[in-house]
Amino acid sequence: MIRYFLRRLGALVPVAIGVATLTFAMIHLVPGDPVVAMLGETAAPADIAEMRTRLGLDRPIAEQYTAFLTGLLKGDLGESISYRKSVSSLIAERFPATIELTMAGMLVGVLIAFPLGIVSGMKPGGAADVGAMGFAILGISIPHIYLGPLLMIVFSLDLRWLPLTGRGGLSHLVLPALTLGTALAAVIARMLRQSLISVRDSDYMRTAVSKGMSPAAALIRHGLRNAMTSVVTLLGLQTGALLTGALITEVIFSWPGIGRLLIGAIGARDYPLVEGCVLTFALTYVVVNMATDLLYAIVDPRVRLE
């Protein structure tokens, strides 16, 4: 287990370098000048040249790339062009808000998905199953960019139950978490239903029922844990989707996270900040996948990590 953990931890280094290289290449190939975006179209050529020299953007691309990788190995992500602050400090300020929103969306997804998945798995083809899976299809079909404003109109503008935008108390988190967690709930519910259906006819389930346990109790007590392996896998994979969905959700609800910071950095052509944000998202995704692999041994003792 320890060797596996160290091996996966060491795999973060080439992943980080690969993501940094791809991000660096793509952001520098996009047309436009970040210095002109900062100073404006009416800026004097001398001021533009001075700013480009001060930021190091007049150097060859290979030299800029080498300097970026050298700083990355030292833990230095550079200085933001638009904020005039270190990228590391900006990400450290915004990262907790993104994690808070992602975890809240995950919690909403799990709280909605498990009852729906269990009800559907107990009696496939029944009225409850049809209703639950109908909700799942609806949740998958509605994109965040439509669901978020719809919730804002209903619960903030019309009913005035919840705040419209921003980050504050728990009430500010409800609508963004619902927007982010609904699609996740639909995916988990469908996976849990299918997993429970597959274990209903297993030998240990028939043994539990023959000993006097009701089929529903046997499914929850014995079948649910065995069905959780695929659900845990899906949760780990869907974390990346939650982080991606957080980009849109943070913009819709003016949530001060890394997603909103990244969108602003792209618009300002802030190379160091874009690279730092993308690298943070990628490393977070890899770490979550590694944690998901380690959870296999807890959920299913038959799993062995070599």
# chains A, B, ... in the order shown; residues from 1 in each chain; ligands from 1

$ closest_atom_pairs --of "stretch 22-61 of chain A" --to "stretch 276-291 of chain A" --cutoff "12 Å" --atoms "only C-alpha atoms" --output "tab-separated table"
residue	atom	partner	partner_atom	distance
A:Leu22	CA	A:Val278	CA	10.1
A:Thr23	CA	A:Val278	CA	7.4
A:Phe24	CA	A:Gly276	CA	10.1
A:Met26	CA	A:Val278	CA	11.7
A:Ile27	CA	A:Val278	CA	11.0

$ closest_atom_pairs --of "stretch 94-170 of chain A" --to "stretch 204-221 of chain A" --cutoff "12 Å" --atoms "only C-alpha atoms" --output "Markdown table"
| residue | atom | partner | partner_atom | distance |
| --- | --- | --- | --- | --- |
| A:Phe114 | CA | A:Ile220 | CA | 11.0 |
| A:Pro115 | CA | A:Ile220 | CA | 11.0 |
| A:Gly117 | CA | A:Ile220 | CA | 11.3 |
| A:Ile118 | CA | A:Ile220 | CA | 7.9 |
| A:Val119 | CA | A:Ala216 | CA | 9.3 |
| A:Ser120 | CA | A:Ala216 | CA | 11.4 |
| A:Gly121 | CA | A:Leu219 | CA | 8.7 |
| A:Met122 | CA | A:Ala216 | CA | 6.4 |
| A:Lys123 | CA | A:Ala216 | CA | 9.2 |

$ residues_around --residues "A:Arg167" --least-positions-apart "2" --cutoff "8 Å" --atoms "only C-alpha atoms" --output "list in words"
Thr165, Gly169, His172, Leu173, Ser254, Trp255 and Pro256 of chain A

$ write_last_selection --atoms "N, CA and C atoms" --output "mmCIF file, in the first residue's frame"
data_model
loop_
_atom_site.group_PDB
_atom_site.id
_atom_site.type_symbol
_atom_site.label_atom_id
_atom_site.label_comp_id
_atom_site.auth_asym_id
_atom_site.auth_seq_id
_atom_site.Cartn_x
_atom_site.Cartn_y
_atom_site.Cartn_z
ATOM 1 N N THR A 165 -26.316 36.166 -5.514
ATOM 2 C CA THR A 165 -24.933 35.863 -5.886
ATOM 3 C C THR A 165 -24.025 36.071 -4.680
ATOM 4 N N GLY A 169 -22.786 33.202 3.956
ATOM 5 C CA GLY A 169 -23.167 32.107 4.830
ATOM 6 C C GLY A 169 -23.645 30.900 4.050
ATOM 7 N N HIS A 172 -25.896 31.315 0.907
ATOM 8 C CA HIS A 172 -25.269 31.635 -0.374
ATOM 9 C C HIS A 172 -24.803 30.387 -1.116
ATOM 10 N N LEU A 173 -24.621 29.282 -0.378
ATOM 11 C CA LEU A 173 -24.080 28.069 -0.959
ATOM 12 C C LEU A 173 -25.154 27.166 -1.548
ATOM 13 N N SER A 254 -21.284 34.455 -9.281
ATOM 14 C CA SER A 254 -20.223 35.352 -8.798
ATOM 15 C C SER A 254 -19.515 34.760 -7.586
ATOM 16 N N TRP A 255 -19.219 33.485 -7.661
ATOM 17 C CA TRP A 255 -18.557 32.783 -6.565
ATOM 18 C C TRP A 255 -17.043 32.999 -6.687
ATOM 19 N N PRO A 256 -16.392 33.498 -5.649
ATOM 20 C CA PRO A 256 -14.972 33.886 -5.768
ATOM 21 C C PRO A 256 -14.019 32.712 -5.669
#

$ residues_around --residues "A:Ala46" --least-positions-apart "6" --cutoff "12 Å" --atoms "only C-alpha atoms" --output "JSON list (two decimals) with N, CA and C atoms, in the first residue's frame"
[["chain", "number", "residue", "atom", "x", "y", "z"],
["A", 35, "VAL", "N", -0.08, 42.57, -23.12],
["A", 35, "VAL", "CA", 0.35, 43.91, -22.73],
["A", 35, "VAL", "C", -0.63, 44.95, -23.28],
["A", 36, "VAL", "N", -1.06, 44.78, -24.53],
["A", 36, "VAL", "CA", -2.05, 45.69, -25.11],
["A", 36, "VAL", "C", -3.38, 45.56, -24.38],
["A", 39, "LEU", "N", -2.77, 47.61, -21.07],
["A", 39, "LEU", "CA", -2.58, 49.05, -21.19],
["A", 39, "LEU", "C", -3.63, 49.72, -22.07],
["A", 52, "ARG", "N", 6.40, 45.06, -21.88],
["A", 52, "ARG", "CA", 6.73, 43.73, -22.40],
["A", 52, "ARG", "C", 8.11, 43.28, -21.91],
["A", 53, "THR", "N", 9.06, 44.23, -21.86],
["A", 53, "THR", "CA", 10.40, 43.90, -21.38],
["A", 53, "THR", "C", 10.37, 43.59, -19.88]]

$ atom_distance --atom1 "atom CA of A:Leu224" --atom2 "atom CA of A:Leu192"
8.6 Å

$ closest_residue --among "A:Met152, A:Val274, A:Ala25, A:Met133" --to "A:Gln64" --atoms "only C-alpha atoms"
A:Ala25

$ atom_distance --atom1 "atom CA of A:Leu180" --atom2 "atom CA of A:Leu138"
14.1 Å

$ residues_around --residues "A:Val174" --least-positions-apart "6" --cutoff "10 Å" --atoms "only C-alpha atoms" --output "list in words"
Leu101, Ala104, Gly105, Val108, Leu162 and Pro163 of chain A

$ write_last_selection --atoms "C-alpha atoms" --output "PDB file, in the first residue's frame"
ATOM      1  CA  LEU A 101     -18.417  24.626  -3.622  1.00  0.00           C
ATOM      2  CA  ALA A 104     -21.142  21.021  -1.303  1.00  0.00           C
ATOM      3  CA  GLY A 105     -22.067  19.917  -4.816  1.00  0.00           C
ATOM      4  CA  VAL A 108     -25.974  17.411  -2.651  1.00  0.00           C
ATOM      5  CA  LEU A 162     -32.020  32.786  -0.974  1.00  0.00           C
ATOM      6  CA  PRO A 163     -29.293  35.295  -1.916  1.00  0.00           C
TER       7      PRO A 163
END

$ residues_around --residues "A:Leu242" --least-positions-apart "4" --cutoff "12 Å" --atoms "only C-alpha atoms" --output "PyMOL selection string"
chain A and resi 98-109+144+176-185+234-238+246-250+259+281+284-285+288
